[in-house]
Amino acid sequence: RRWLAGGIAFLGGPPLPVPWVEGTVPAGFPSPAADFAVKRHDLNELLITHPAATFMWQARGLSMIELGIADGDILVVNRALTPKHGDIVVAEVDGDFTVKQFYRRSGVVQLRAGNPTFPPILFRDGQTLTICGVVTATIKRFK
């Protein structure tokens, strides 16, 4: 079942099978001798490990571009995972939501952008940080 809450799409319910071609596709020159065996895979099974704790959210902006997240990409976010150093997370900082890389070393917690033109988010006393979930996948649309 899919439902919306505050612009967040939650996943679950019936499978969504789509064709899957076995093997890989070269990004260089194609092999004319390649055989293509097609079977069906459910996108929920491929992208979601905790259906009740997973939601999708669309990224906006260019702060994560060097970590592979572009403006308009769909983030698959898992609330059941505990964030580890280096994970990409959706976080709420003082009431505002953001997607950043989680940094935790020697007792220091920061949220870092994947773009050198954006400064890290450093925390001071009185600020609130809530990790909403760990980004486990992104979906890109080209058209």
# chains A, B, ... in the order shown; residues from 1 in each chain; ligands from 1
>>> residues_around(residues="A:Ile88", least_positions_apart="6", cutoff="9 Å", atoms="only C-alpha atoms", output="list of chain:residue names")
A:Leu67, A:Val99, A:Lys100, A:Gln101, A:Phe102, A:Gly133, A:Val134, A:Val135, A:Thr136
>>> write_last_selection(atoms="C-alpha atoms", output="CSV table (one decimal), in the first residue's frame")
chain,number,residue,atom,x,y,z
A,67,LEU,CA,27.9,12.0,-3.8
A,99,VAL,CA,19.9,15.5,3.1
A,100,LYS,CA,23.6,15.3,4.0
A,101,GLN,CA,26.5,12.9,4.8
A,102,PHE,CA,26.6,11.9,8.5
A,133,GLY,CA,16.5,7.9,8.2
A,134,VAL,CA,19.4,6.6,6.2
A,135,VAL,CA,19.3,7.0,2.4
A,136,THR,CA,19.7,3.5,1.0
>>> residues_around(residues="stretch 70-72 of chain A", least_positions_apart="6", cutoff="9 Å", atoms="only C-alpha atoms", output="list of chain:residue names")
A:Gln58, A:Ala59, A:Arg60, A:Gly61, A:Leu62, A:Ser63, A:Met64, A:Lys140, A:Arg141
>>> write_last_selection(atoms="N, CA and C atoms", output="PDB file, in the first residue's frame")
ATOM      1  N   GLN A  58      11.771  13.418  -2.464  1.00  0.00           N
ATOM      2  CA  GLN A  58      12.482  13.990  -3.597  1.00  0.00           C
ATOM      3  C   GLN A  58      13.507  15.008  -3.121  1.00  0.00           C
ATOM      4  N   ALA A  59      14.737  14.871  -3.628  1.00  0.00           N
ATOM      5  CA  ALA A  59      15.819  15.798  -3.276  1.00  0.00           C
ATOM      6  C   ALA A  59      15.657  17.089  -4.072  1.00  0.00           C
ATOM      7  N   ARG A  60      16.070  18.178  -3.440  1.00  0.00           N
ATOM      8  CA  ARG A  60      16.041  19.481  -4.099  1.00  0.00           C
ATOM      9  C   ARG A  60      17.376  20.161  -3.839  1.00  0.00           C
ATOM     10  N   GLY A  61      17.985  20.689  -4.875  1.00  0.00           N
ATOM     11  CA  GLY A  61      19.232  21.418  -4.725  1.00  0.00           C
ATOM     12  C   GLY A  61      20.438  20.622  -5.200  1.00  0.00           C
ATOM     13  N   LEU A  62      21.613  21.242  -5.075  1.00  0.00           N
ATOM     14  CA  LEU A  62      22.853  20.661  -5.593  1.00  0.00           C
ATOM     15  C   LEU A  62      23.895  20.371  -4.514  1.00  0.00           C
ATOM     16  N   SER A  63      23.489  20.383  -3.250  1.00  0.00           N
ATOM     17  CA  SER A  63      24.486  20.216  -2.184  1.00  0.00           C
ATOM     18  C   SER A  63      25.050  18.802  -2.090  1.00  0.00           C
ATOM     19  N   MET A  64      24.418  17.822  -2.744  1.00  0.00           N
ATOM     20  CA  MET A  64      24.890  16.435  -2.649  1.00  0.00           C
ATOM     21  C   MET A  64      25.338  15.873  -3.995  1.00  0.00           C
ATOM     22  N   LYS A 140      16.866   8.012 -10.254  1.00  0.00           N
ATOM     23  CA  LYS A 140      17.047   9.150 -11.152  1.00  0.00           C
ATOM     24  C   LYS A 140      16.067   9.042 -12.312  1.00  0.00           C
ATOM     25  N   ARG A 141      15.497  10.176 -12.667  1.00  0.00           N
ATOM     26  CA  ARG A 141      14.635  10.244 -13.852  1.00  0.00           C
ATOM     27  C   ARG A 141      15.326  11.132 -14.867  1.00  0.00           C
TER      28      ARG A 141
END
>>> residues_around(residues="A:Ile121", least_positions_apart="4", cutoff="7 Å", atoms="only C-alpha atoms", output="PyMOL selection string")
chain A and resi 110-112
>>> closest_residue(among="A:Pro120, A:Gly107, A:Gly95, A:Ala137", to="A:Val77", atoms="only C-alpha atoms")
A:Ala137
>>> select_by_dssp(residues="stretch 24-118 of chain A", states="helix (DSSP H, G or I)", output="list in words")
Leu43, Asn44, Glu45, Leu46, Leu47, Pro51, Ala52, Ala53, Ile65, Glu66 and Leu67 of chain A
>>> write_last_selection(atoms="N, CA, C and O atoms", output="mmCIF file, in the first residue's frame")
data_model
loop_
_atom_site.group_PDB
_atom_site.id
_atom_site.type_symbol
_atom_site.label_atom_id
_atom_site.label_comp_id
_atom_site.auth_asym_id
_atom_site.auth_seq_id
_atom_site.Cartn_x
_atom_site.Cartn_y
_atom_site.Cartn_z
ATOM 1 N N LEU A 43 10.419 -3.981 -7.674
ATOM 2 C CA LEU A 43 11.254 -2.861 -7.231
ATOM 3 C C LEU A 43 11.265 -2.736 -5.710
ATOM 4 O O LEU A 43 12.268 -2.339 -5.120
ATOM 5 N N ASN A 44 10.157 -3.077 -5.065
ATOM 6 C CA ASN A 44 10.135 -3.034 -3.599
ATOM 7 C C ASN A 44 11.163 -3.997 -3.021
ATOM 8 O O ASN A 44 11.866 -3.667 -2.068
ATOM 9 N N GLU A 45 11.290 -5.194 -3.598
ATOM 10 C CA GLU A 45 12.268 -6.168 -3.105
ATOM 11 C C GLU A 45 13.697 -5.698 -3.356
ATOM 12 O O GLU A 45 14.590 -5.951 -2.558
ATOM 13 N N LEU A 46 13.922 -5.026 -4.471
ATOM 14 C CA LEU A 46 15.272 -4.562 -4.806
ATOM 15 C C LEU A 46 15.719 -3.375 -3.959
ATOM 16 O O LEU A 46 16.887 -3.241 -3.636
ATOM 17 N N LEU A 47 14.780 -2.499 -3.611
ATOM 18 C CA LEU A 47 15.149 -1.235 -2.977
ATOM 19 C C LEU A 47 14.807 -1.137 -1.500
ATOM 20 O O LEU A 47 15.315 -0.253 -0.820
ATOM 21 N N PRO A 51 9.993 -2.482 4.812
ATOM 22 C CA PRO A 51 8.870 -1.758 4.203
ATOM 23 C C PRO A 51 8.137 -0.815 5.152
ATOM 24 O O PRO A 51 7.788 0.293 4.761
ATOM 25 N N ALA A 52 7.909 -1.237 6.386
ATOM 26 C CA ALA A 52 7.152 -0.393 7.317
ATOM 27 C C ALA A 52 7.943 0.835 7.753
ATOM 28 O O ALA A 52 7.371 1.797 8.261
ATOM 29 N N ALA A 53 9.264 0.801 7.568
ATOM 30 C CA ALA A 53 10.114 1.902 8.024
ATOM 31 C C ALA A 53 10.741 2.667 6.862
ATOM 32 O O ALA A 53 11.680 3.432 7.070
ATOM 33 N N ILE A 65 25.556 16.740 -4.964
ATOM 34 C CA ILE A 65 25.826 16.334 -6.340
ATOM 35 C C ILE A 65 27.062 15.437 -6.462
ATOM 36 O O ILE A 65 27.074 14.487 -7.232
ATOM 37 N N GLU A 66 28.114 15.702 -5.699
ATOM 38 C CA GLU A 66 29.333 14.898 -5.812
ATOM 39 C C GLU A 66 29.217 13.545 -5.112
ATOM 40 O O GLU A 66 30.102 12.704 -5.251
ATOM 41 N N LEU A 67 28.136 13.332 -4.390
ATOM 42 C CA LEU A 67 27.862 12.025 -3.791
ATOM 43 C C LEU A 67 26.754 11.300 -4.556
ATOM 44 O O LEU A 67 26.196 10.317 -4.078
#
>>> atom_distance(atom1="atom CA of A:Ile48", atom2="atom CA of A:His85")
21.2 Å
>>> closest_residue(among="A:Thr54, A:Ile131, A:Arg40, A:Thr138", to="A:Thr82", atoms="only C-alpha atoms")
A:Ile131
>>> select_by_dssp(residues="stretch 35-109 of chain A", states="strand (DSSP E)", output="ChimeraX atom specification")
/A:38-42,54-58,74-78,88-93,96-105,108-109
>>> atom_distance(atom1="atom CA of A:His50", atom2="atom CA of A:Gln127")
29.8 Å
